[in-house]
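A.B. asks: So here's coords_17.tsv (TSV, C-alpha atoms).
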```
chain	number	residue	atom	x	y	z
M	1	MET	CA	18.61	30.36	8.62
M	2	GLU	CA	16.36	30.20	5.59
M	3	GLU	CA	16.40	26.42	5.93
M	4	GLN	CA	15.31	26.80	9.56
M	5	GLU	CA	12.38	28.97	8.52
M	6	LYS	CA	11.33	26.51	5.82
M	7	LEU	CA	11.49	23.71	8.34
M	8	ALA	CA	9.35	25.65	10.81
M	9	ARG	CA	6.76	26.44	8.12
M	10	PHE	CA	6.78	22.80	7.02
M	11	GLN	CA	6.13	21.64	10.59
M	12	GLU	CA	3.31	24.19	10.89
M	13	ARG	CA	1.66	22.85	7.76
M	14	ILE	CA	1.91	19.31	9.11
M	15	ASP	CA	0.58	20.29	12.53
M	16	SER	CA	-2.39	22.05	10.96
M	17	GLY	CA	-3.29	18.83	9.13
M	18	GLN	CA	-2.33	19.90	5.59
M	19	LYS	CA	-1.14	17.22	3.20
M	20	ILE	CA	2.31	17.59	1.68
M	21	GLU	CA	2.33	17.14	-2.11
M	22	PRO	CA	5.22	16.00	-4.36
M	23	LYS	CA	6.23	19.46	-5.60
M	24	ASP	CA	6.15	21.10	-2.16
M	25	TRP	CA	9.35	21.81	-0.29
M	26	MET	CA	10.16	19.06	2.22
M	27	PRO	CA	13.16	18.33	4.46
M	28	GLU	CA	15.55	15.77	2.99
M	29	ARG	CA	14.97	13.49	5.99
M	30	TYR	CA	11.21	13.55	5.37
M	31	ARG	CA	11.82	12.55	1.75
M	32	LYS	CA	14.24	9.82	2.86
M	33	GLN	CA	11.97	8.38	5.53
M	34	LEU	CA	9.03	8.29	3.14
M	35	THR	CA	11.06	6.79	0.32
M	36	ARG	CA	12.19	4.07	2.72
M	37	MET	CA	8.74	3.38	4.12
M	38	ILE	CA	6.77	3.46	0.87
M	39	SER	CA	9.26	1.33	-1.04
M	40	GLN	CA	9.37	-1.24	1.78
M	41	HIS	CA	5.60	-1.22	1.75
M	42	ALA	CA	5.51	-1.70	-2.05
M	43	HIS	CA	8.00	-4.60	-1.88
M	44	SER	CA	5.88	-6.18	0.87
M	45	GLU	CA	2.76	-6.15	-1.31
M	46	ILE	CA	4.65	-7.82	-4.14
M	47	VAL	CA	6.53	-10.37	-2.04
M	48	GLY	CA	3.27	-11.12	-0.23
M	49	MET	CA	1.98	-12.65	-3.45
M	50	LEU	CA	4.52	-15.49	-3.17
M	51	PRO	CA	3.35	-17.38	-0.07
M	52	GLU	CA	-0.27	-17.12	-1.24
M	53	GLY	CA	0.43	-17.84	-4.89
M	54	ASN	CA	1.85	-21.09	-3.59
M	55	TRP	CA	-1.72	-22.32	-2.92
M	56	ILE	CA	-3.71	-21.03	-5.91
M	57	THR	CA	-3.49	-24.29	-7.85
M	58	ARG	CA	-4.31	-26.32	-4.73
M	59	ALA	CA	-7.25	-24.30	-3.41
M	60	PRO	CA	-9.91	-26.77	-2.16
M	61	SER	CA	-12.79	-25.40	-4.26
M	62	LEU	CA	-13.48	-23.08	-7.18
M	63	ARG	CA	-14.97	-20.51	-4.79
M	64	ARG	CA	-11.78	-20.48	-2.75
M	65	LYS	CA	-9.66	-20.40	-5.87
M	66	VAL	CA	-11.29	-17.35	-7.52
M	67	ALA	CA	-11.17	-15.50	-4.20
M	68	LEU	CA	-7.48	-16.26	-3.71
M	69	LEU	CA	-6.67	-15.30	-7.29
M	70	ALA	CA	-8.51	-12.00	-6.86
M	71	LYS	CA	-6.70	-11.36	-3.60
M	72	VAL	CA	-3.27	-12.02	-5.06
M	73	GLN	CA	-4.15	-9.81	-8.03
M	74	ASP	CA	-5.12	-7.05	-5.59
M	75	GLU	CA	-1.72	-7.35	-3.93
M	76	ALA	CA	-0.06	-6.75	-7.30
M	77	GLY	CA	-2.25	-3.67	-7.75
M	78	HIS	CA	-1.34	-2.45	-4.26
M	79	GLY	CA	2.34	-2.84	-5.06
M	80	LEU	CA	1.81	-0.70	-8.15
M	81	TYR	CA	-0.08	2.07	-6.29
M	82	LEU	CA	2.81	2.21	-3.86
M	83	TYR	CA	5.57	2.14	-6.47
M	84	SER	CA	3.72	5.07	-8.10
M	85	ALA	CA	3.60	6.89	-4.77
M	86	VAL	CA	7.32	6.41	-4.13
M	87	GLU	CA	8.18	7.67	-7.61
M	88	THR	CA	6.66	11.05	-6.72
M	89	LEU	CA	9.58	11.45	-4.31
M	90	GLY	CA	12.09	11.55	-7.14
M	91	VAL	CA	13.29	7.95	-7.38
M	92	THR	CA	12.62	5.63	-10.30
M	93	ARG	CA	10.65	2.43	-10.03
M	94	GLU	CA	13.55	0.48	-11.49
M	95	ASP	CA	15.87	1.86	-8.78
M	96	VAL	CA	13.70	0.87	-5.87
M	97	ILE	CA	13.02	-2.58	-7.31
M	98	ASN	CA	16.74	-3.13	-7.79
M	99	GLU	CA	17.44	-2.12	-4.19
M	100	TYR	CA	15.08	-4.85	-3.09
M	101	LEU	CA	16.38	-7.52	-5.48
M	102	GLU	CA	19.94	-6.75	-4.40
M	103	GLY	CA	18.98	-7.21	-0.75
M	104	ARG	CA	19.48	-3.53	0.15
M	105	ALA	CA	15.82	-2.85	0.97
M	106	LYS	CA	13.59	-4.42	3.58
M	107	TYR	CA	10.04	-5.68	3.28
M	108	SER	CA	7.54	-6.99	5.76
M	109	SER	CA	9.21	-9.87	7.57
M	110	ILE	CA	6.03	-11.87	7.88
M	111	PHE	CA	6.31	-12.98	4.26
M	112	ASN	CA	9.47	-14.88	5.11
M	113	TYR	CA	7.39	-17.60	6.73
M	114	PRO	CA	6.21	-20.57	4.65
M	115	THR	CA	2.59	-21.51	3.88
M	116	LEU	CA	2.62	-25.18	4.83
M	117	THR	CA	-1.11	-25.99	4.72
M	118	TRP	CA	-4.30	-24.54	3.25
M	119	ALA	CA	-5.14	-23.14	6.69
M	120	ASP	CA	-2.13	-20.84	6.35
M	121	ILE	CA	-3.95	-19.04	3.54
M	122	GLY	CA	-6.77	-18.41	5.99
M	123	ALA	CA	-4.30	-17.27	8.64
M	124	ILE	CA	-2.66	-14.80	6.24
M	125	GLY	CA	-5.94	-13.18	5.21
M	126	TRP	CA	-7.26	-13.10	8.75
M	127	LEU	CA	-4.13	-12.16	10.71
M	128	VAL	CA	-1.67	-10.59	8.28
M	129	ASP	CA	-4.24	-8.58	6.34
M	130	GLY	CA	-6.05	-7.85	9.59
M	131	ALA	CA	-2.94	-6.29	11.11
M	132	ALA	CA	-2.13	-4.57	7.81
M	133	ILE	CA	-5.57	-2.93	7.62
M	134	ILE	CA	-5.23	-1.47	11.11
M	135	ASN	CA	-1.76	-0.16	10.27
M	136	GLN	CA	-2.81	1.17	6.88
M	137	THR	CA	-5.97	2.86	8.17
M	138	MET	CA	-3.59	4.80	10.43
M	139	LEU	CA	-1.17	5.52	7.54
M	140	ALA	CA	-4.08	6.82	5.43
M	141	ARG	CA	-4.24	9.76	7.87
M	142	GLY	CA	-0.55	10.50	7.28
M	143	SER	CA	0.87	13.77	5.99
M	144	TYR	CA	2.16	12.81	2.55
M	145	GLY	CA	-0.65	13.11	-0.02
M	146	PRO	CA	0.26	10.37	-2.50
M	147	TYR	CA	0.98	7.81	0.26
M	148	SER	CA	-2.16	8.63	2.16
M	149	ARG	CA	-4.33	8.39	-0.97
M	150	ALA	CA	-2.78	5.03	-1.90
M	151	MET	CA	-3.61	3.80	1.61
M	152	VAL	CA	-7.26	4.83	1.27
M	153	ARG	CA	-7.58	2.78	-1.91
M	154	ILE	CA	-5.75	-0.19	-0.43
M	155	CYS	CA	-7.80	-0.27	2.75
M	156	LYS	CA	-11.04	-0.27	0.75
M	157	GLU	CA	-9.90	-3.30	-1.20
M	158	GLU	CA	-8.32	-5.12	1.67
M	159	SER	CA	-11.36	-5.67	3.82
M	160	PHE	CA	-12.38	-8.47	1.48
M	161	HIS	CA	-8.98	-10.10	2.03
M	162	ASN	CA	-9.50	-10.07	5.75
M	163	ARG	CA	-12.96	-11.62	5.54
M	164	GLN	CA	-12.01	-14.31	3.05
M	165	GLY	CA	-9.15	-15.34	5.37
M	166	TYR	CA	-11.38	-15.51	8.41
M	167	GLU	CA	-13.99	-17.47	6.46
M	168	ILE	CA	-11.35	-20.08	5.59
M	169	ILE	CA	-10.17	-20.39	9.19
M	170	TYR	CA	-13.68	-20.38	10.64
M	171	THR	CA	-14.87	-23.04	8.18
M	172	LEU	CA	-11.92	-25.29	8.99
M	173	ALA	CA	-12.44	-24.73	12.70
M	174	GLN	CA	-16.05	-25.99	12.39
M	175	GLY	CA	-14.96	-29.00	10.30
M	176	THR	CA	-13.54	-32.42	11.16
M	177	PRO	CA	-11.14	-32.72	14.11
M	178	GLU	CA	-8.27	-32.83	11.59
M	179	GLN	CA	-9.47	-29.64	9.91
M	180	LYS	CA	-9.88	-27.89	13.24
M	181	GLN	CA	-6.38	-28.98	14.20
M	182	MET	CA	-5.10	-27.57	10.90
M	183	ALA	CA	-6.68	-24.18	11.69
M	184	GLN	CA	-5.27	-24.22	15.23
M	185	ASP	CA	-1.82	-25.19	13.95
M	186	ALA	CA	-1.86	-22.26	11.48
M	187	LEU	CA	-2.86	-19.87	14.27
M	188	ASN	CA	-0.09	-21.29	16.47
M	189	ARG	CA	2.54	-20.60	13.82
M	190	TRP	CA	1.27	-17.19	12.60
M	191	TRP	CA	0.29	-15.56	15.88
M	192	GLN	CA	3.74	-14.37	16.98
M	193	PRO	CA	4.80	-13.15	13.51
M	194	ALA	CA	1.42	-11.38	13.18
M	195	ILE	CA	1.67	-9.45	16.44
M	196	GLN	CA	5.28	-8.58	15.56
M	197	MET	CA	4.49	-7.34	12.08
M	198	VAL	CA	3.43	-3.78	12.91
M	199	GLY	CA	6.95	-3.19	14.14
M	200	PRO	CA	9.14	-3.19	17.24
M	201	PRO	CA	8.03	-1.75	20.60
M	202	ASP	CA	7.99	2.06	20.81
M	203	ASP	CA	11.04	2.20	23.07
M	204	ASN	CA	13.08	0.27	20.50
M	205	SER	CA	11.79	1.67	17.23
M	206	PRO	CA	14.60	3.73	15.68
M	207	ASN	CA	12.48	5.68	13.18
M	208	SER	CA	9.32	6.29	15.17
M	209	ALA	CA	10.11	9.66	16.79
M	210	GLU	CA	10.84	11.31	13.47
M	211	THR	CA	8.05	9.68	11.46
M	212	MET	CA	5.53	10.62	14.16
M	213	ARG	CA	6.72	14.23	14.44
M	214	TRP	CA	6.12	14.59	10.72
M	215	GLN	CA	2.89	12.62	10.95
M	216	ILE	CA	3.97	10.06	8.42
M	217	LYS	CA	2.74	7.75	11.15
M	218	VAL	CA	0.03	9.14	13.38
M	219	GLU	CA	-0.08	6.32	15.94
M	220	SER	CA	2.72	4.30	17.48
M	221	ASN	CA	3.55	0.63	16.92
M	222	ASP	CA	2.41	-0.29	20.44
M	223	VAL	CA	-0.99	1.32	19.93
M	224	ILE	CA	-1.53	-0.40	16.57
M	225	ARG	CA	-0.41	-3.78	17.92
M	226	GLN	CA	-2.74	-3.54	20.90
M	227	ARG	CA	-5.68	-2.64	18.64
M	228	PHE	CA	-4.92	-5.68	16.50
M	229	ILE	CA	-4.74	-7.97	19.53
M	230	ASP	CA	-7.97	-6.59	21.00
M	231	ARG	CA	-9.84	-7.17	17.75
M	232	THR	CA	-8.36	-10.56	16.94
M	233	VAL	CA	-8.58	-12.44	20.23
M	234	PRO	CA	-12.43	-12.46	20.26
M	235	GLN	CA	-12.42	-13.52	16.59
M	236	ALA	CA	-10.25	-16.53	17.49
M	237	HIS	CA	-12.57	-17.40	20.36
M	238	ALA	CA	-15.63	-17.11	18.09
M	239	ALA	CA	-14.06	-19.74	15.84
M	240	GLY	CA	-13.37	-21.96	18.87
M	241	LEU	CA	-9.60	-21.52	18.53
M	242	THR	CA	-7.04	-20.86	21.23
M	243	ILE	CA	-4.49	-18.04	21.04
M	244	PRO	CA	-1.11	-19.72	21.64
M	245	ASP	CA	-0.22	-17.67	24.70
M	246	ASP	CA	-0.86	-19.12	28.15
M	247	GLN	CA	-0.34	-15.72	29.77
M	248	LEU	CA	-3.03	-14.03	27.66
M	249	LYS	CA	-5.64	-12.34	29.85
M	250	PHE	CA	-8.30	-9.67	29.61
M	251	ASN	CA	-7.73	-6.64	31.79
M	252	GLU	CA	-11.18	-5.50	32.95
M	253	GLU	CA	-9.87	-2.11	34.01
M	254	THR	CA	-8.17	-1.10	30.76
M	255	GLY	CA	-10.45	-3.10	28.49
M	256	HIS	CA	-7.42	-4.57	26.73
M	257	TRP	CA	-6.12	-8.08	26.15
M	258	GLU	CA	-2.64	-8.49	27.66
M	259	THR	CA	-0.21	-10.94	26.10
M	260	GLY	CA	2.83	-12.71	27.45
M	261	PRO	CA	6.29	-11.66	26.25
M	262	ILE	CA	6.66	-11.10	22.51
M	263	ASP	CA	9.64	-12.79	20.89
M	264	TRP	CA	11.52	-9.75	19.55
M	265	ASP	CA	14.75	-11.72	19.07
M	266	GLU	CA	12.89	-13.79	16.50
M	267	PHE	CA	11.57	-10.59	14.88
M	268	TRP	CA	15.07	-9.09	14.48
M	269	ARG	CA	16.49	-12.41	13.31
M	270	VAL	CA	13.98	-12.53	10.44
M	271	VAL	CA	14.33	-8.78	9.66
M	272	LYS	CA	18.08	-9.31	9.36
M	273	GLY	CA	17.56	-11.93	6.69
M	274	ASN	CA	17.53	-15.20	8.61
M	275	GLY	CA	13.90	-16.26	8.56
M	276	PRO	CA	12.80	-19.56	7.04
M	277	CYS	CA	12.23	-18.17	3.52
M	278	ASN	CA	14.18	-14.88	3.15
M	279	ARG	CA	16.59	-16.15	0.52
M	280	GLN	CA	13.94	-18.02	-1.42
M	281	ARG	CA	11.64	-14.98	-1.56
M	282	ILE	CA	14.34	-12.76	-3.06
M	283	GLN	CA	15.48	-15.48	-5.45
M	284	ASP	CA	11.91	-16.06	-6.65
M	285	ARG	CA	11.54	-12.34	-7.39
M	286	ILE	CA	14.88	-12.25	-9.23
M	287	ASN	CA	13.78	-15.24	-11.31
M	288	ALA	CA	10.43	-13.60	-12.04
M	289	GLU	CA	12.17	-10.47	-13.34
M	290	ARG	CA	14.54	-12.56	-15.44
M	291	GLU	CA	11.89	-14.88	-16.82
M	292	GLY	CA	9.52	-11.98	-17.51
M	293	GLN	CA	12.15	-9.90	-19.28
M	294	TRP	CA	11.04	-11.08	-22.73
M	295	VAL	CA	7.55	-9.69	-22.12
M	296	LEU	CA	8.96	-6.23	-21.40
M	297	ASP	CA	11.30	-6.48	-24.38
M	298	ALA	CA	8.45	-7.51	-26.65
M	299	ALA	CA	6.24	-4.66	-25.39
M	300	ALA	CA	9.04	-2.16	-25.97
M	301	ALA	CA	9.75	-3.51	-29.47
M	302	TYR	CA	6.07	-3.49	-30.37
M	303	ALA	CA	5.62	0.08	-29.15
M	304	LYS	CA	8.60	1.18	-31.19
M	305	LYS	CA	7.28	-0.46	-34.33
M	306	GLN	CA	3.76	0.93	-33.80
M	307	GLY	CA	5.23	4.37	-33.15
M	308	LYS	CA	6.94	4.25	-36.54
M	309	LYS	CA	3.73	3.15	-38.26
M	310	GLN	CA	1.74	5.95	-36.64
M	311	LEU	CA	4.31	8.48	-37.81
M	312	THR	CA	3.98	7.32	-41.42
M	313	LEU	CA	0.20	7.51	-41.16
M	314	THR	CA	0.24	11.16	-40.09
M	315	GLU	CA	2.81	12.22	-42.67
R	316	MET	CA	24.75	-5.46	-12.72
R	317	SER	CA	21.27	-4.38	-11.81
R	318	HIS	CA	18.34	-6.72	-12.28
R	319	VAL	CA	15.96	-4.25	-13.84
R	320	LYS	CA	17.28	-1.86	-16.49
R	321	GLU	CA	16.36	1.80	-16.30
R	322	GLY	CA	13.23	2.35	-18.38
R	323	ALA	CA	12.50	-1.38	-18.60
R	324	HIS	CA	8.92	-0.80	-17.46
R	325	GLY	CA	8.29	1.90	-20.07
R	326	ILE	CA	7.31	5.49	-19.41
R	327	LEU	CA	4.91	6.93	-16.86
R	328	TRP	CA	1.28	7.57	-17.85
R	329	GLU	CA	-1.29	9.51	-15.85
R	330	VAL	CA	-4.65	7.75	-15.61
R	331	PHE	CA	-8.07	9.45	-15.60
R	332	ILE	CA	-11.23	7.46	-14.97
R	333	GLN	CA	-14.87	8.25	-15.63
R	334	SER	CA	-16.79	6.31	-13.03
R	335	LYS	CA	-20.26	6.75	-14.63
R	336	PRO	CA	-21.45	8.03	-18.00
R	337	GLY	CA	-22.03	11.77	-18.04
R	338	ILE	CA	-19.59	12.81	-15.33
R	339	PRO	CA	-16.03	14.11	-15.76
R	340	HIS	CA	-12.96	11.91	-15.86
R	341	LYS	CA	-11.04	12.12	-12.62
R	342	HIS	CA	-7.35	11.52	-11.95
R	343	ALA	CA	-6.92	8.04	-10.47
R	344	GLY	CA	-3.16	7.53	-10.42
R	345	ASN	CA	-0.56	6.36	-12.89
R	346	VAL	CA	0.91	3.31	-14.58
R	347	HIS	CA	4.04	2.39	-16.46
R	348	ALA	CA	3.71	1.20	-20.06
R	349	HIS	CA	5.55	1.22	-23.34
R	350	ASP	CA	2.64	2.50	-25.43
R	351	ALA	CA	-0.84	3.95	-25.06
R	352	GLU	CA	-2.65	0.68	-25.67
R	353	GLN	CA	-0.66	-1.11	-22.99
R	354	ALA	CA	-1.16	1.86	-20.68
R	355	LEU	CA	-4.93	1.49	-21.12
R	356	THR	CA	-4.99	-2.22	-20.33
R	357	ASN	CA	-2.63	-1.72	-17.37
R	358	ALA	CA	-4.85	1.09	-16.09
R	359	ARG	CA	-7.90	-1.14	-16.44
R	360	ASP	CA	-6.21	-3.90	-14.43
R	361	VAL	CA	-4.82	-1.59	-11.77
R	362	TYR	CA	-7.65	0.90	-11.25
R	363	THR	CA	-10.93	-0.71	-12.34
R	364	ARG	CA	-10.89	-4.25	-10.95
R	365	ARG	CA	-14.22	-3.57	-9.23
R	366	MET	CA	-16.15	-1.77	-11.96
R	367	GLU	CA	-14.84	1.64	-10.89
R	368	GLY	CA	-14.99	2.99	-14.42
R	369	VAL	CA	-16.76	3.11	-17.76
R	370	SER	CA	-14.02	5.05	-19.58
R	371	ILE	CA	-10.30	5.59	-19.12
R	372	TRP	CA	-7.95	8.27	-20.46
R	373	VAL	CA	-4.19	7.86	-20.32
R	374	ILE	CA	-1.64	10.55	-21.09
R	375	PRO	CA	2.17	10.47	-20.90
R	376	ALA	CA	3.03	12.11	-17.57
R	377	ASN	CA	5.72	14.27	-19.17
R	378	LEU	CA	3.03	16.00	-21.27
R	379	VAL	CA	1.23	17.28	-18.20
R	380	THR	CA	2.04	20.86	-17.20
R	381	ALA	CA	1.09	21.63	-13.62
R	382	SER	CA	0.97	24.88	-11.67
R	383	ALA	CA	3.62	24.94	-8.95
R	384	GLY	CA	2.25	24.06	-5.53
R	385	GLU	CA	4.45	26.49	-3.63
R	386	ASP	CA	3.52	29.52	-5.77
R	387	SER	CA	-0.14	28.61	-5.79
R	388	ASP	CA	-1.14	31.64	-3.66
R	389	ALA	CA	0.30	34.08	-6.18
R	390	PHE	CA	-0.93	32.09	-9.14
R	391	PHE	CA	-4.53	32.10	-8.02
R	392	ASP	CA	-4.34	35.60	-6.62
R	393	PRO	CA	-6.25	37.25	-9.54
R	394	ALA	CA	-9.49	35.55	-8.45
R	395	GLU	CA	-9.09	36.30	-4.77
R	396	ASP	CA	-10.65	39.79	-4.54
R	397	LYS	CA	-13.46	39.36	-7.06
R	398	VAL	CA	-16.44	38.65	-4.90
R	399	TYR	CA	-18.61	40.29	-7.57
R	400	ARG	CA	-18.24	37.08	-9.59
R	401	HIS	CA	-20.62	35.39	-7.17
R	402	PRO	CA	-24.40	35.84	-7.12
R	403	THR	CA	-24.43	36.56	-3.39
R	404	PHE	CA	-22.57	39.84	-4.06
R	405	TYR	CA	-25.76	41.38	-5.45
R	406	THR	CA	-28.74	42.53	-3.47
R	407	VAL	CA	-32.21	41.59	-4.54
R	408	PRO	CA	-35.18	43.65	-3.34
R	409	GLU	CA	-37.48	41.92	-0.92
R	410	GLY	CA	-40.23	39.93	-2.60
R	411	VAL	CA	-38.56	39.73	-6.02
R	412	LYS	CA	-38.41	36.11	-7.11
R	413	TYR	CA	-36.46	33.91	-9.52
R	414	LEU	CA	-33.19	35.89	-9.32
```
Could I get this file's structure written as structure tokens?
C.D. replies:
Amino acid sequence: MEEQEKLARFQERIDSGQKIEPKDWMPERYRKQLTRMISQHAHSEIVGMLPEGNWITRAPSLRRKVALLAKVQDEAGHGLYLYSAVETLGVTREDVINEYLEGRAKYSSIFNYPTLTWADIGAIGWLVDGAAIINQTMLARGSYGPYSRAMVRICKEESFHNRQGYEIIYTLAQGTPEQKQMAQDALNRWWQPAIQMVGPPDDNSPNSAETMRWQIKVESNDVIRQRFIDRTVPQAHAAGLTIPDDQLKFNEETGHWETGPIDWDEFWRVVKGNGPCNRQRIQDRINAEREGQWVLDAAAAYAKKQGKKQLTLTE
Amino acid sequence: MSHVKEGAHGILWEVFIQSKPGIPHKHAGNVHAHDAEQALTNARDVYTRRMEGVSIWVIPANLVTASAGEDSDAFFDPAEDKVYRHPTFYTVPEGVKYL
């Protein structure tokens, strides 16, 4: 009974727009859902560095290279904000990272696609960050304080990612026929994964009802996806590119762009671990942890030694 | 065997940033580090990549004592009924200035 009352009070707080903070009482399911979402989100930021890092040394100019470096560095920072946010829920950073490296946690499926050409770097910034910003602007209004504050920070930083991506695509699209073809080819390959990335349709999204009741998410996947499509289609047209969907049409009445069928079988296939790069992405992260271990060991040893020195100084 | 050992990333530090000279440091978030110096450089890289600060404080998170969120009503209760601590509680005769 007491539990029931707590739950009712909790829901009241949420409904009145109050943020929930780490030390407040929360239902176990709320804690679980958030732990799952925030850690997946953190892993996604970190794994997202891999497909882009792939092109840093081959960026076509210094301008492009410093921008890409800064973007990838931002993604590392975003991963850290989010790992900090998930730790407030009572799990350790090491635990959640291990879950991911052992294949027990998910991350955004879109990073399981390869970056085959330079135009793919443009497509990621334009499409992937574009969809992410729309999703994260919504999550910034969510009920859990630390997650919502991390989202505010991330959104502020991410608008540069989105613009740098579009600039790359737009520039290629105005270039030689080969360059334009490269931009179109990237759009062709990234379009479906991009419109899938905000999650499955509302009628087949197992967690949505609960996360929306608790305002962890304040808008549904379908709403977010449609907003992304409506914003992105005109941007493609402005660059002279064609959205790879022959059923795409503008509905004058609703004011929305309507797409043909979305390939959800593909989405679930990649979520379940069978995309083009799933295994490689996890292996690369495992290697990074292993190869970086000596840095952590050295930092720990140094701190220990310094700690001893400081003690003798104060004695 | 797990890939990352417990505590491998050091302890948790709370990060406070002063965005301009002359104003208070404000809580920005936290970082993991093995010592204070590393915590400072990590905080710089994580929270001030766009000139957001001119000074950073870091403090081990376990040294922070916080009032409990749920009991906050009772904790702050002593100040609740003391309107006489505010200037608007007092009446000033018409025409009297600089009060």
A.B. asks: Draw an axis-aligned box over all listed atoms of stretch 140-150 of chain M, pad each side with 4 Å, and write its centre and edge lengths in Å, one decimal, as JSON.
C.D. replies:
```
{"center_x": -1.1, "center_y": 9.4, "center_z": 2.7, "size_x": 14.5, "size_y": 16.7, "size_z": 18.4}
```
A.B. asks: Determine, using all atoms listed in the file, which residues of chain M have any atom at most 8 Å from an atom of chain R, and tabulate each with its shortest atom pair and distance in Å to one decimal place, rows ordered by chain and then rising number, as JSON lines.
C.D. replies:
```
{"residue": "M:Glu21", "atom": "CA", "partner": "R:Gly384", "partner_atom": "CA", "distance": 7.7}
{"residue": "M:Lys23", "atom": "CA", "partner": "R:Gly384", "partner_atom": "CA", "distance": 6.1}
{"residue": "M:Asp24", "atom": "CA", "partner": "R:Glu385", "partner_atom": "CA", "distance": 5.8}
{"residue": "M:Trp25", "atom": "CA", "partner": "R:Glu385", "partner_atom": "CA", "distance": 7.6}
{"residue": "M:Gly77", "atom": "CA", "partner": "R:Val361", "partner_atom": "CA", "distance": 5.2}
{"residue": "M:Leu80", "atom": "CA", "partner": "R:Val361", "partner_atom": "CA", "distance": 7.6}
{"residue": "M:Tyr81", "atom": "CA", "partner": "R:Gly344", "partner_atom": "CA", "distance": 7.5}
{"residue": "M:Ser84", "atom": "CA", "partner": "R:Asn345", "partner_atom": "CA", "distance": 6.6}
{"residue": "M:Glu94", "atom": "CA", "partner": "R:Glu321", "partner_atom": "CA", "distance": 5.7}
{"residue": "M:Asp95", "atom": "CA", "partner": "R:Glu321", "partner_atom": "CA", "distance": 7.5}
{"residue": "M:Ile97", "atom": "CA", "partner": "R:Val319", "partner_atom": "CA", "distance": 7.4}
{"residue": "M:Asn98", "atom": "CA", "partner": "R:His318", "partner_atom": "CA", "distance": 6.0}
{"residue": "M:Leu101", "atom": "CA", "partner": "R:His318", "partner_atom": "CA", "distance": 7.1}
{"residue": "M:Glu102", "atom": "CA", "partner": "R:Ser317", "partner_atom": "CA", "distance": 7.9}
{"residue": "M:Ile286", "atom": "CA", "partner": "R:His318", "partner_atom": "CA", "distance": 7.2}
{"residue": "M:Glu289", "atom": "CA", "partner": "R:His318", "partner_atom": "CA", "distance": 7.3}
{"residue": "M:Arg290", "atom": "CA", "partner": "R:His318", "partner_atom": "CA", "distance": 7.7}
{"residue": "M:Leu296", "atom": "CA", "partner": "R:Ala323", "partner_atom": "CA", "distance": 6.6}
{"residue": "M:Asp297", "atom": "CA", "partner": "R:Ala323", "partner_atom": "CA", "distance": 7.8}
{"residue": "M:Ala299", "atom": "CA", "partner": "R:His349", "partner_atom": "CA", "distance": 6.3}
{"residue": "M:Ala300", "atom": "CA", "partner": "R:His349", "partner_atom": "CA", "distance": 5.5}
{"residue": "M:Ala303", "atom": "CA", "partner": "R:Asp350", "partner_atom": "CA", "distance": 5.3}
```
A.B. asks: What lies within 10 Å of M:Gln226 using all atoms listed in the file, ignoring chain neighbours under 4 positions off, as a ChimeraX atom specification?
C.D. replies: /M:195,221-222,230-232,256-259
A.B. asks: In Å, how far is it from atom CA of M:Phe228 to atom CA of M:Tyr100?
C.D. replies: 28.0 Å
A.B. asks: Can you measure atom CA of M:His41 to atom CA of M:Gln136 for me? One decimal in Å is fine.
C.D. replies: 10.1 Å
A.B. asks: Provide the atom CA of M:Val198 to atom CA of M:Val270 distance in Å, to one decimal place.
C.D. replies: 13.9 Å
A.B. asks: Which residues, written as a list in words, have at least one atom at most 9 Å from R:Lys335, with all atoms listed in the file counted and residues fewer than 2 positions away on the same chain left out?
C.D. replies: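 Contacts, in chain order: Gln333, Gly337, Ile338, Pro339, Glu367, Gly368, Val369 and Ser370 of chain R.
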A.B. asks: Excluding R:Trp372 and residues on its chain fewer than 4 positions from it, collect all residues at most 9 Å away from it, counting all atoms listed in the file, and give them as a PDB file with C-alpha atoms, in the coordinates of the input.
C.D. replies:
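For reference, around_0.pdb as written:
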```pdb
ATOM      1  CA  GLU R 329      -1.290   9.510 -15.850  1.00  0.00           C
ATOM      2  CA  VAL R 330      -4.650   7.750 -15.610  1.00  0.00           C
ATOM      3  CA  PHE R 331      -8.070   9.450 -15.600  1.00  0.00           C
ATOM      4  CA  ILE R 332     -11.230   7.460 -14.970  1.00  0.00           C
ATOM      5  CA  GLN R 333     -14.870   8.250 -15.630  1.00  0.00           C
ATOM      6  CA  HIS R 340     -12.960  11.910 -15.860  1.00  0.00           C
ATOM      7  CA  LEU R 355      -4.930   1.490 -21.120  1.00  0.00           C
ATOM      8  CA  ALA R 358      -4.850   1.090 -16.090  1.00  0.00           C
TER       9      ALA R 358
END
```
